[in-house]
file input-v9.cif (mmCIF, C-alpha atoms)
data_model
loop_
_atom_site.label_atom_id
_atom_site.label_comp_id
_atom_site.auth_asym_id
_atom_site.auth_seq_id
_atom_site.Cartn_x
_atom_site.Cartn_y
_atom_site.Cartn_z
CA MET A 1 61.04 111.87 158.59
CA GLN A 2 64.45 111.48 157.05
CA GLN A 3 65.92 113.52 159.84
CA ILE A 4 64.41 111.24 162.44
CA ILE A 5 65.89 108.19 160.73
CA HIS A 6 69.23 109.97 160.51
CA PHE A 7 69.03 110.80 164.16
CA VAL A 8 68.27 107.19 165.08
CA ILE A 9 71.11 105.86 162.95
CA ARG A 10 73.54 108.41 164.25
CA TYR A 11 72.79 107.84 167.89
CA LYS A 12 71.93 104.16 167.70
CA ASN A 13 74.54 103.16 170.27
CA PHE A 14 73.37 105.80 172.67
CA LEU A 15 69.74 104.80 172.19
CA LEU A 16 70.65 101.15 172.69
CA TYR A 17 72.46 102.08 175.88
CA ILE A 18 69.53 104.12 177.18
CA PHE A 19 67.09 101.36 176.31
CA LEU A 20 69.03 98.60 178.07
CA MET A 21 69.72 100.91 181.02
CA ILE A 22 66.01 101.60 181.44
CA VAL A 23 65.33 97.86 181.29
CA SER A 24 67.85 97.11 184.03
CA LEU A 25 66.87 100.10 186.17
CA GLY A 26 63.28 98.99 185.79
CA PHE A 27 64.08 95.56 187.19
CA THR A 28 66.17 97.05 189.97
CA ILE A 29 63.76 99.72 191.13
CA GLN A 30 60.73 97.51 190.84
CA SER A 31 62.27 95.05 193.24
CA HIS A 32 63.42 97.84 195.56
CA SER A 33 59.84 98.78 196.17
CA TYR A 34 58.26 95.37 196.05
CA HIS A 35 59.53 91.84 195.77
CA GLN A 36 62.59 90.24 194.33
CA SER A 37 62.09 90.01 190.61
CA ARG A 38 60.08 87.02 189.46
CA PHE A 39 62.53 86.19 186.70
CA PHE A 40 65.91 87.30 187.95
CA ASN A 41 66.48 84.95 190.81
CA SER A 42 68.73 81.97 191.28
CA SER A 43 65.92 79.48 191.87
CA ASN A 44 65.45 78.82 188.16
CA TRP A 45 66.44 75.55 186.57
CA LEU A 46 69.80 76.47 185.03
CA THR A 47 71.34 78.48 187.85
CA GLY A 48 69.88 76.17 190.47
CA ASN A 49 71.52 73.12 188.93
CA ILE A 50 74.90 74.79 188.45
CA LEU A 51 74.92 76.05 192.03
CA GLU A 52 73.84 72.65 193.32
CA THR A 53 76.62 70.87 191.45
CA SER A 54 79.19 73.21 192.90
CA ASN A 55 77.64 72.80 196.34
CA ASN A 56 77.75 69.00 196.08
CA VAL A 57 81.53 69.27 195.92
CA SER A 58 82.01 71.91 198.58
CA THR A 59 79.76 70.30 201.22
CA TYR A 60 82.36 67.58 201.77
CA PHE A 61 84.68 70.09 203.38
CA GLY A 62 82.30 70.89 206.21
CA LEU A 63 80.86 67.49 207.06
CA ASP A 64 82.51 67.22 210.49
CA ALA A 65 81.31 70.57 211.75
CA GLU A 66 77.86 69.97 210.29
CA ASN A 67 77.58 66.58 212.02
CA GLN A 68 78.57 68.20 215.28
CA LYS A 69 75.82 70.79 214.87
CA LEU A 70 73.20 68.13 214.21
CA MET A 71 74.41 66.08 217.19
CA ASP A 72 74.11 69.17 219.40
CA GLU A 73 70.59 69.71 218.23
CA ASN A 74 69.64 66.09 218.78
CA ARG A 75 71.08 66.27 222.27
CA ARG A 76 69.04 69.38 223.02
CA LEU A 77 65.84 67.82 221.71
CA ARG A 78 66.47 64.61 223.67
CA ASP A 79 67.01 66.71 226.78
CA LEU A 80 63.61 68.25 226.22
CA LEU A 81 61.99 64.91 225.47
CA PHE A 82 63.35 63.05 228.51
CA ASN A 83 62.48 65.86 230.90
CA VAL A 84 58.92 66.22 229.76
CA GLY A 85 57.93 63.31 232.02
CA GLU A 86 55.55 60.52 231.23
CA ILE A 87 53.66 60.87 228.00
CA ASP A 88 51.04 58.23 227.44
CA SER A 89 50.02 59.27 224.01
CA ILE A 90 51.21 61.65 221.35
CA VAL A 91 48.82 63.10 218.83
CA ILE A 92 49.97 62.00 215.43
CA ASP A 93 46.86 62.97 213.54
CA SER A 94 48.29 65.00 210.69
CA THR A 95 45.10 67.01 210.27
CA GLN A 96 45.53 68.55 213.70
CA ARG A 97 49.05 69.86 213.26
CA THR A 98 49.64 73.56 212.88
CA TYR A 99 53.20 73.39 211.58
CA THR A 100 54.84 70.99 209.17
CA ILE A 101 58.60 70.88 208.72
CA THR A 102 60.65 70.11 205.60
CA THR A 103 64.43 69.85 205.58
CA GLY A 104 66.62 71.48 202.98
CA ARG A 105 70.19 72.31 202.11
CA VAL A 106 71.67 75.71 201.31
CA ILE A 107 73.25 75.76 197.86
CA LYS A 108 74.00 79.48 197.71
CA ASN A 109 74.48 81.89 200.55
CA SER A 110 75.28 85.59 200.61
CA PHE A 111 75.63 88.04 203.46
CA SER A 112 77.69 90.97 202.22
CA GLU A 113 75.11 92.84 200.16
CA PRO A 114 72.26 95.09 201.29
CA ARG A 115 69.75 92.54 200.00
CA ASN A 116 70.90 89.04 200.66
CA TYR A 117 69.21 85.95 199.31
CA ILE A 118 69.91 82.31 200.08
CA THR A 119 69.10 79.55 197.60
CA ILE A 120 68.02 76.13 198.90
CA ASP A 121 67.55 72.79 197.16
CA LYS A 122 63.84 72.30 197.86
CA GLY A 123 61.05 73.62 195.65
CA GLU A 124 57.42 73.26 194.72
CA GLU A 125 57.73 69.51 194.15
CA ASP A 126 58.70 69.20 197.81
CA SER A 127 55.66 71.35 198.63
CA VAL A 128 57.76 74.39 199.48
CA ASN A 129 55.97 77.60 198.52
CA GLY A 130 56.35 81.33 198.98
CA ASP A 131 56.10 82.94 202.43
CA MET A 132 57.14 79.90 204.42
CA GLY A 133 59.61 80.43 207.25
CA VAL A 134 63.15 79.05 207.16
CA ILE A 135 65.07 78.27 210.35
CA THR A 136 68.23 76.42 211.35
CA SER A 137 68.98 74.47 214.50
CA LYS A 138 70.20 77.70 216.12
CA GLY A 139 67.66 80.29 215.05
CA ILE A 140 65.72 81.93 212.28
CA LEU A 141 67.12 82.47 208.82
CA GLY A 142 64.51 84.09 206.60
CA ILE A 143 61.37 83.71 204.54
CA ILE A 144 60.89 81.87 201.23
CA GLU A 145 60.42 84.35 198.43
CA ASN A 146 60.52 82.61 195.04
CA THR A 147 60.23 78.96 194.16
CA SER A 148 60.77 76.81 191.09
CA ASN A 149 60.15 73.09 190.76
CA HIS A 150 63.28 72.03 192.62
CA PHE A 151 64.73 75.18 194.16
CA ALA A 152 63.70 78.16 196.24
CA THR A 153 65.21 81.51 197.20
CA VAL A 154 65.04 82.71 200.78
CA GLN A 155 64.96 86.38 201.72
CA SER A 156 67.54 86.34 204.49
CA ILE A 157 67.04 88.33 207.71
CA LEU A 158 70.13 90.16 206.44
CA ASN A 159 68.04 91.99 203.87
CA GLU A 160 66.96 95.60 204.09
CA LYS A 161 63.44 94.56 203.10
CA SER A 162 63.22 91.97 205.85
CA ASN A 163 60.75 92.78 208.62
CA ILE A 164 59.95 90.04 211.12
CA ASN A 165 57.86 90.15 214.26
CA ALA A 166 60.05 89.51 217.32
CA LYS A 167 59.79 89.87 221.06
CA ILE A 168 61.83 89.72 224.22
CA LYS A 169 61.78 86.20 225.63
CA ASN A 170 59.26 85.55 228.42
CA THR A 171 57.53 88.91 227.90
CA ASP A 172 54.90 90.05 225.48
CA HIS A 173 56.70 93.18 224.32
CA PHE A 174 57.12 92.80 220.61
CA GLY A 175 58.77 94.85 217.88
CA SER A 176 60.06 94.52 214.33
CA LEU A 177 63.31 92.91 213.40
CA VAL A 178 65.11 94.84 210.65
CA TRP A 179 68.67 95.11 209.36
CA ASP A 180 70.76 98.28 208.96
CA MET A 181 73.06 96.67 206.30
CA LYS A 182 76.18 97.15 208.41
CA ARG A 183 77.28 93.92 210.10
CA TYR A 184 76.32 90.39 209.11
CA ASP A 185 76.16 89.20 212.72
CA VAL A 186 73.98 92.02 214.10
CA VAL A 187 70.35 92.90 213.31
CA GLN A 188 68.12 95.58 214.84
CA LEU A 189 64.95 95.25 216.86
CA ILE A 190 62.87 98.44 216.77
CA ASP A 191 59.59 99.67 218.22
CA ILE A 192 60.05 98.31 221.75
CA PRO A 193 58.51 100.97 224.05
CA ARG A 194 60.84 102.70 226.53
CA LEU A 195 59.01 101.51 229.61
CA VAL A 196 60.29 97.98 229.05
CA LYS A 197 63.24 97.06 231.27
CA LEU A 198 66.10 95.73 229.13
CA THR A 199 69.44 94.17 230.01
CA VAL A 200 72.33 93.44 227.71
CA GLY A 201 72.26 89.71 227.08
CA ASP A 202 68.48 89.29 227.08
CA THR A 203 67.27 86.75 224.55
CA ILE A 204 65.17 87.81 221.57
CA VAL A 205 62.78 85.27 220.04
CA THR A 206 60.15 85.35 217.31
CA GLY A 207 56.79 86.77 218.35
CA GLY A 208 53.38 85.23 217.97
CA MET A 209 52.05 87.97 215.71
CA SER A 210 53.32 86.38 212.54
CA SER A 211 51.60 83.68 210.55
CA ILE A 212 54.95 82.54 209.19
CA PHE A 213 57.08 81.54 212.18
CA PRO A 214 55.97 79.66 215.27
CA GLU A 215 56.40 81.59 218.51
CA ASN A 216 59.62 81.41 220.54
CA ILE A 217 62.15 80.49 217.88
CA PRO A 218 65.48 81.91 219.06
CA ILE A 219 66.97 84.88 217.19
CA GLY A 220 69.81 86.31 219.27
CA THR A 221 70.78 88.25 222.36
CA ILE A 222 70.75 91.99 223.07
CA ARG A 223 74.15 93.46 222.32
CA LYS A 224 73.38 97.08 223.11
CA PHE A 225 70.34 99.34 223.16
CA ASP A 226 69.59 103.07 222.76
CA LEU A 227 66.50 105.18 222.71
CA ASN A 228 65.64 106.39 219.23
CA SER A 229 65.42 110.04 218.22
CA SER A 230 61.87 110.52 219.49
CA ASN A 231 62.91 109.06 222.87
CA SER A 232 59.88 106.83 223.06
CA PHE A 233 61.12 103.60 221.54
CA TYR A 234 64.28 101.58 221.89
CA SER A 235 66.41 100.57 218.99
CA ILE A 236 68.20 97.41 219.99
CA ASP A 237 71.22 95.73 218.45
CA VAL A 238 70.71 91.97 218.44
CA ALA A 239 73.70 89.63 218.11
CA LEU A 240 72.47 86.64 216.10
CA PHE A 241 72.77 83.06 217.35
CA ASN A 242 73.17 81.89 213.76
CA ASP A 243 76.53 82.28 212.10
CA MET A 244 75.11 83.66 208.85
CA THR A 245 78.36 82.93 207.00
CA ASN A 246 78.20 79.21 207.62
CA ILE A 247 74.81 77.61 207.02
CA LYS A 248 74.26 74.17 205.51
CA ASN A 249 71.11 72.44 206.74
CA VAL A 250 67.85 74.33 207.18
CA TYR A 251 64.27 73.55 208.17
CA ILE A 252 61.35 75.00 206.25
CA VAL A 253 58.35 75.68 208.47
CA ASN A 254 54.89 75.72 206.98
CA ASN A 255 51.95 77.01 208.96
CA GLU A 256 48.95 74.98 207.78
CA TYR A 257 46.58 77.75 208.76
CA ARG A 258 48.52 80.61 207.17
CA GLU A 259 46.24 81.00 204.16
CA GLU A 260 43.21 81.03 206.40
CA ILE A 261 44.76 83.66 208.68
CA GLU A 262 45.82 85.82 205.76
CA ALA A 263 42.46 85.58 204.04
CA LEU A 264 40.79 86.66 207.26
CA GLU A 265 43.20 89.53 207.78
CA ASN A 266 42.64 90.75 204.24
CA GLN A 267 38.90 90.85 204.81
CA THR A 268 39.22 92.87 207.99
CA PRO A 269 39.65 96.57 207.23
CA SER A 270 42.68 98.02 208.99
CA ASP A 271 43.29 101.61 210.07
CA ASP A 272 46.65 102.10 208.40
CA MET B 1 90.92 84.42 162.21
CA ILE B 2 87.52 86.03 162.73
CA SER B 3 85.90 82.78 163.84
CA ASN B 4 88.88 82.22 166.11
CA SER B 5 88.43 85.47 168.00
CA TYR B 6 84.67 84.90 168.07
CA PHE B 7 85.21 81.50 169.64
CA LEU B 8 87.71 82.92 172.12
CA ASN B 9 85.22 85.50 173.29
CA VAL B 10 82.48 82.93 173.85
CA ILE B 11 84.85 80.79 175.94
CA ARG B 12 85.98 83.86 177.87
CA PHE B 13 82.39 84.89 178.49
CA LEU B 14 81.40 81.49 179.90
CA LEU B 15 84.54 81.04 181.97
CA LEU B 16 84.36 84.51 183.48
CA VAL B 17 80.68 84.05 184.45
CA LEU B 18 81.41 80.70 186.09
CA VAL B 19 84.55 81.92 187.88
CA GLN B 20 82.69 84.99 189.08
CA VAL B 21 79.65 83.21 190.49
CA LEU B 22 81.32 80.07 191.81
CA VAL B 23 84.51 81.56 193.24
CA PHE B 24 84.60 85.32 193.57
CA ASN B 25 81.01 85.88 194.67
CA ARG B 26 81.76 83.68 197.68
CA LEU B 27 85.07 85.20 198.64
CA ASN B 28 83.70 87.67 201.21
CA PHE B 29 87.06 89.15 202.15
CA PHE B 30 86.71 90.94 205.51
CA GLY B 31 83.04 90.06 205.34
CA PHE B 32 82.11 92.28 202.42
CA ILE B 33 84.65 92.35 199.58
CA ASN B 34 83.60 90.32 196.55
CA PRO B 35 85.89 91.30 193.66
CA MET B 36 84.33 91.39 190.21
CA VAL B 37 86.86 89.94 187.84
CA TYR B 38 84.42 89.63 184.96
CA ILE B 39 85.26 93.25 184.08
CA LEU B 40 88.28 91.72 182.33
CA PHE B 41 85.93 90.68 179.54
CA LEU B 42 85.39 94.33 178.66
CA TYR B 43 89.09 95.03 179.04
CA TRP B 44 90.06 92.24 176.68
CA TYR B 45 87.27 92.60 174.12
CA PRO B 46 88.56 93.59 170.67
CA ILE B 47 88.46 97.33 170.09
CA LYS B 48 87.32 97.47 166.51
CA GLU B 49 84.32 95.21 166.87
CA HIS B 50 80.81 96.40 166.18
CA ARG B 51 79.90 98.71 169.03
CA ALA B 52 76.20 97.87 169.37
CA ALA B 53 77.08 94.17 169.60
CA PHE B 54 79.59 94.98 172.31
CA ILE B 55 77.02 96.89 174.36
CA GLY B 56 74.51 94.07 173.96
CA LEU B 57 77.09 91.49 174.97
CA ALA B 58 78.05 93.47 178.06
CA PHE B 59 74.41 93.62 179.08
CA LEU B 60 74.14 89.87 178.58
CA LEU B 61 77.26 89.28 180.70
CA GLY B 62 75.89 91.40 183.51
CA ILE B 63 72.45 89.86 183.46
CA SER B 64 73.83 86.29 183.53
CA ILE B 65 75.79 87.12 186.68
CA ASP B 66 72.66 88.76 188.13
CA PHE B 67 70.79 85.49 187.58
CA PHE B 68 73.20 83.67 189.83
CA SER B 69 73.63 86.25 192.54
CA ASP B 70 70.02 87.42 193.03
CA SER B 71 71.06 91.02 192.51
CA MET B 72 68.17 92.13 190.27
CA ALA B 73 69.91 93.86 187.33
CA LEU B 74 72.72 95.64 189.16
CA HIS B 75 75.58 93.89 187.36
CA ALA B 76 73.80 94.43 184.05
CA ALA B 77 73.36 98.18 184.59
CA SER B 78 76.94 98.79 185.69
CA THR B 79 78.54 96.58 183.02
CA LEU B 80 76.37 98.26 180.40
CA THR B 81 77.59 101.66 181.53
CA ILE B 82 81.27 100.85 181.22
CA ALA B 83 80.67 99.17 177.87
CA TYR B 84 79.09 102.37 176.63
CA MET B 85 81.78 104.56 178.14
CA ARG B 86 84.71 102.44 177.03
CA PRO B 87 85.59 104.43 173.87
CA ALA B 88 85.53 107.67 175.87
CA ILE B 89 87.75 106.18 178.56
CA MET B 90 90.14 104.82 175.90
CA ARG B 91 90.36 108.20 174.21
CA PHE B 92 91.21 109.72 177.57
CA VAL B 93 93.87 107.16 178.41
CA PHE B 94 95.51 106.45 175.04
CA GLY B 95 94.92 109.79 173.34
CA VAL B 96 94.08 109.88 169.61
CA ASN B 97 96.33 106.86 169.10
CA PHE B 98 93.61 104.34 169.63
CA GLU B 99 91.67 105.42 166.60
CA PHE B 100 94.41 104.22 164.26
CA GLN B 101 93.98 100.89 162.55
CA SER B 102 97.21 99.46 163.94
CA PHE B 103 96.33 100.14 167.57
CA LYS B 104 96.74 97.16 169.87
CA LEU B 105 96.27 97.01 173.63
CA SER B 106 99.47 95.01 173.98
CA ASN B 107 101.48 97.78 172.31
CA THR B 108 100.64 100.36 174.94
CA THR B 109 102.64 101.00 178.07
CA ARG B 110 101.96 99.18 181.33
CA ILE B 111 100.89 102.42 183.03
CA GLN B 112 98.31 103.10 180.33
CA GLN B 113 96.87 99.61 180.63
CA ILE B 114 96.58 99.92 184.39
CA THR B 115 94.95 103.35 184.16
CA PHE B 116 92.46 102.03 181.62
CA LEU B 117 91.57 99.07 183.83
CA THR B 118 91.35 101.25 186.94
CA LEU B 119 88.95 103.69 185.29
CA LEU B 120 86.75 100.83 184.08
CA ILE B 121 86.66 99.36 187.58
CA ILE B 122 85.95 102.67 189.34
CA VAL B 123 83.07 103.62 187.04
CA HIS B 124 81.64 100.11 187.25
CA HIS B 125 81.82 99.93 191.05
CA LEU B 126 80.42 103.44 191.49
CA VAL B 127 77.35 102.61 189.42
CA PHE B 128 77.01 99.19 191.02
CA PHE B 129 77.17 100.20 194.67
CA THR B 130 75.17 103.40 194.21
CA LEU B 131 72.33 101.40 192.70
CA GLU B 132 72.73 98.61 195.23
CA ILE B 133 72.56 100.80 198.31
CA PHE B 134 70.29 103.32 196.63
CA SER B 135 70.42 106.14 199.14
CA LEU B 136 72.77 109.10 199.43
CA ALA B 137 72.45 108.94 203.22
CA ASN B 138 74.84 106.02 203.06
CA PHE B 139 77.36 107.84 200.88
CA LEU B 140 80.30 106.86 203.09
CA LEU B 141 79.27 103.22 202.95
CA ILE B 142 79.16 103.45 199.14
CA LEU B 143 82.59 105.07 199.06
CA LYS B 144 84.06 102.48 201.39
CA LYS B 145 82.68 99.63 199.31
CA VAL B 146 83.83 101.17 196.02
CA LEU B 147 87.37 101.76 197.24
CA ALA B 148 87.85 98.46 199.09
CA THR B 149 86.24 96.25 196.46
CA GLY B 150 87.80 98.27 193.66
CA ALA B 151 91.31 97.79 195.02
CA VAL B 152 90.91 94.02 195.32
CA THR B 153 89.25 93.79 191.89
CA LEU B 154 92.13 95.73 190.33
CA LEU B 155 94.72 93.53 191.99
CA LEU B 156 93.03 90.32 190.85
CA CYS B 157 92.38 91.66 187.35
CA LEU B 158 96.06 92.55 186.99
CA LEU B 159 97.06 89.07 188.17
CA PHE B 160 94.63 87.39 185.78
CA GLY B 161 95.62 89.80 183.05
CA SER B 162 99.27 88.79 183.28
CA LEU B 163 98.41 85.10 183.63
CA PHE B 164 96.24 84.91 180.55
CA SER B 165 97.63 87.80 178.55
CA VAL B 166 97.01 87.99 174.84
CA ARG B 167 100.08 86.79 172.98
CA LYS B 168 102.16 89.50 171.40
CA GLU B 169 102.14 88.97 167.70
#

call {"tool": "encode", "arguments": {"input": "input-v9.cif", "output": "structure tokens"}}
result
Amino acid sequence: MQQIIHFVIRYKNFLLYIFLMIVSLGFTIQSHSYHQSRFFNSSNWLTGNILETSNNVSTYFGLDAENQKLMDENRRLRDLLFNVGEIDSIVIDSTQRTYTITTGRVIKNSFSEPRNYITIDKGEEDSVNGDMGVITSKGILGIIENTSNHFATVQSILNEKSNINAKIKNTDHFGSLVWDMKRYDVVQLIDIPRLVKLTVGDTIVTGGMSSIFPENIPIGTIRKFDLNSSNSFYSIDVALFNDMTNIKNVYIVNNEYREEIEALENQTPSDD
Amino acid sequence: MISNSYFLNVIRFLLLVLVQVLVFNRLNFFGFINPMVYILFLYWYPIKEHRAAFIGLAFLLGISIDFFSDSMALHAASTLTIAYMRPAIMRFVFGVNFEFQSFKLSNTTRIQQITFLTLLIIVHHLVFFTLEIFSLANFLLILKKVLATGAVTLLLCLLFGSLFSVRKE
């Protein structure tokens, strides 16, 4: 017994080191395999407020460019609206909508790590919850992962865990959008079968197989494509429309039927 | 005097966390270099302080930066490692000298200080990027990140070190 106590006293620093190391490795590895840690994320009250304060100052430096972006989007939407032709009535019954949109502002962005997260200034009190989609005026951005009362973290598409259903515009060939951690302006679309005809410059949009994003939200254009090692699927480099280094205003998309879809899918036994 | 150095360390801790998360985490030099200047805390921390407290403090420093940067516990793990290894690194750099009571960091040569800082940074970055990327298939990517980020971190740490150097008494 005495020897054990002696041992503990003698190696107390080493034991402390091992203990704390196991704690931190535990957090790290757990979130490698599953989600971002529940506790270690920047959507909590303290970090959220500090980041927001700093963001309140720095947003002033980009107001011109940001206004221009919003004007461009308004112009595009007006184009669509005026060319739709005569509309005699628009359904405004809120119970019949599939998607509801909330706006938000980015208060922390990162794009240089293998797992990038973006923090935004909307949270549960603005009815933003996990697994909602986040887009900008140019294209998709990511999926909400953790929320607090006033803030939320977004798993960016620049995240090795990100996996989003995407397809080639105007076709029904869909694949998965992943990221190889190399360049912040290029993501990869995999699992497109080789019989599909591709051209550099083709547009990639979100597919309809996801309960998170609406169909046909722009993602990017094909930069180059190769067959993968088994020669049966393409792996495609997609140049993003979004400049991931410069994002201010975002839209949070909520699919009203998502819970219903997911509940149904969970009931249905799947092969894999 | 004791309360003075205690106070100084608290201020240093808070300032380094804020500077790291509000400035250096957003630098993105060449798209991927985010220097980690908070290592200076471990470089400056008094040598003869209680070692367990030092290790605990380093863990706390790392974890507070992790909170802000959504990096799980990567900063905590790597900062913890250099905190634990610091005496070994010091013995390597300064020889048996550093075990004497009168040893002061400011009394050593410039080369020794730089070597000490460089070793701290290299070990820290190695642990950090290995855990972050977490696969040996990307070994070259790890190496590239360690060397590039390490060089910028060292440069900035040296600049900060000379700006806010401890007064020679």

call {"tool": "atom_distance", "arguments": {"input": "input-v9.cif", "atom1": "CA of Glu215 in chain A", "atom2": "CA of Ser43 in chain A"}}
result
28.4 Å

call {"tool": "closest_atom_pairs", "arguments": {"input": "input-v9.cif", "of": "chain A", "to": "chain B", "cutoff": "10 Å", "atoms": "only C-alpha atoms", "output": "tab-separated table"}}
result
residue	atom	partner	partner_atom	distance
A:Lys12	CA	B:Ala52	CA	7.8
A:Asn13	CA	B:Ala52	CA	5.6
A:Phe14	CA	B:Tyr84	CA	7.8
A:Leu15	CA	B:Ala52	CA	9.9
A:Leu16	CA	B:Ala52	CA	7.3
A:Tyr17	CA	B:Tyr84	CA	6.7
A:Ile18	CA	B:Thr81	CA	9.5
A:Leu20	CA	B:Phe59	CA	7.4
A:Met21	CA	B:Ala77	CA	5.8
A:Ile22	CA	B:Ala77	CA	8.7
A:Val23	CA	B:Ala73	CA	8.6
A:Ser24	CA	B:Ala73	CA	5.1
A:Leu25	CA	B:Ala77	CA	7.0
A:Gly26	CA	B:Ala73	CA	8.5
A:Phe27	CA	B:Ala73	CA	6.1
A:Thr28	CA	B:Met72	CA	5.3
A:Ile29	CA	B:Met72	CA	8.8
A:Gln30	CA	B:Met72	CA	9.2
A:Ser31	CA	B:Met72	CA	7.2
A:His32	CA	B:Phe134	CA	8.9
A:Gln36	CA	B:Met72	CA	7.2
A:Ser37	CA	B:Met72	CA	6.4
A:Arg38	CA	B:Met72	CA	9.6
A:Phe39	CA	B:Phe67	CA	8.3
A:Phe40	CA	B:Phe67	CA	5.2
A:Asn41	CA	B:Asp70	CA	4.9
A:Ser42	CA	B:Phe68	CA	5.0
A:Ser43	CA	B:Phe68	CA	8.6
A:Asn44	CA	B:Phe67	CA	8.6
A:Leu46	CA	B:Phe68	CA	9.3
A:Thr47	CA	B:Phe68	CA	5.9
A:Gly48	CA	B:Phe68	CA	8.2
A:Ile50	CA	B:Leu22	CA	9.0
A:Leu51	CA	B:Leu22	CA	7.6
A:Ser54	CA	B:Leu22	CA	7.3
A:Asn55	CA	B:Leu22	CA	9.3
A:Lys108	CA	B:Ser69	CA	8.5
A:Asn109	CA	B:Arg26	CA	8.0
A:Ser110	CA	B:Arg26	CA	7.4
A:Phe111	CA	B:Phe32	CA	7.8
A:Ser112	CA	B:Phe32	CA	4.6
A:Glu113	CA	B:Phe32	CA	7.4
A:Pro114	CA	B:Ile133	CA	6.4
A:Arg115	CA	B:Ser71	CA	7.8
A:Asn116	CA	B:Asp70	CA	7.8
A:Tyr117	CA	B:Asp70	CA	6.5
A:Ile118	CA	B:Asp70	CA	8.7
A:Thr119	CA	B:Asp70	CA	9.1
A:Thr153	CA	B:Asp70	CA	8.7
A:Glu160	CA	B:Ile133	CA	9.6
A:Met181	CA	B:Ile133	CA	9.0
A:Lys182	CA	B:Leu141	CA	8.7
A:Arg183	CA	B:Gly31	CA	8.4
A:Tyr184	CA	B:Gly31	CA	7.7
A:Thr245	CA	B:Gly31	CA	8.7

call {"tool": "resolve_selection", "arguments": {"input": "input-v9.cif", "expression": "the PyMOL selection byres ((chain A and resi 190-204) around 6)", "output": "list in words"}}
result
Lys167, Ile168, Lys169, Gly175, Ser176, Leu189, Val205, Ile219, Gly220, Thr221, Ile222, Arg223, Lys224, Ser232, Phe233, Tyr234 and Ser235 of chain A

call {"tool": "resolve_selection", "arguments": {"input": "input-v9.cif", "expression": "the PyMOL selection byres ((chain B and resi 150) around 9)", "output": "list in words"}}
result
Ile33, Pro35, Met36, Thr118, Ile121, Ile122, His125, Lys145, Val146, Leu147, Ala148, Thr149, Ala151, Val152, Thr153, Leu154 and Leu155 of chain B

call {"tool": "resolve_selection", "arguments": {"input": "input-v9.cif", "expression": "the PyMOL selection byres ((chain A and resi 154) around 8)", "output": "NGL selection string"}}
result
:A and (117-120 or 134 or 142-146 or 152-153 or 155-156)

call {"tool": "residues_around", "arguments": {"input": "input-v9.cif", "residues": "Leu119 in chain B", "least_positions_apart": "4", "cutoff": "8 Å", "atoms": "only C-alpha atoms", "output": "PyMOL selection string"}}
result
chain B and resi 89+115+123

call {"tool": "atom_distance", "arguments": {"input": "input-v9.cif", "atom1": "CA of Tyr43 in chain B", "atom2": "CA of Gly161 in chain B"}}
result
9.3 Å

call {"tool": "atom_distance", "arguments": {"input": "input-v9.cif", "atom1": "CA of Ser211 in chain A", "atom2": "CA of Phe225 in chain A"}}
result
27.5 Å

call {"tool": "residues_around", "arguments": {"input": "input-v9.cif", "residues": "Ala88 in chain B", "least_positions_apart": "5", "cutoff": "12 Å", "atoms": "all atoms listed in the file", "output": "CSV table (one decimal) with C-alpha atoms, in the coordinates of the input"}}
result
chain,number,residue,atom,x,y,z
B,81,THR,CA,77.6,101.7,181.5
B,82,ILE,CA,81.3,100.8,181.2
B,83,ALA,CA,80.7,99.2,177.9
B,93,VAL,CA,93.9,107.2,178.4
B,94,PHE,CA,95.5,106.4,175.0
B,95,GLY,CA,94.9,109.8,173.3
B,96,VAL,CA,94.1,109.9,169.6
B,98,PHE,CA,93.6,104.3,169.6
B,99,GLU,CA,91.7,105.4,166.6
B,116,PHE,CA,92.5,102.0,181.6
B,119,LEU,CA,89.0,103.7,185.3
B,120,LEU,CA,86.8,100.8,184.1

call {"tool": "residues_around", "arguments": {"input": "input-v9.cif", "residues": "range 58-64 of chain A", "least_positions_apart": "3", "cutoff": "10 Å", "atoms": "only C-alpha atoms", "output": "PyMOL selection string"}}
result
chain A and resi 52-55+67-69+105-107+246+248
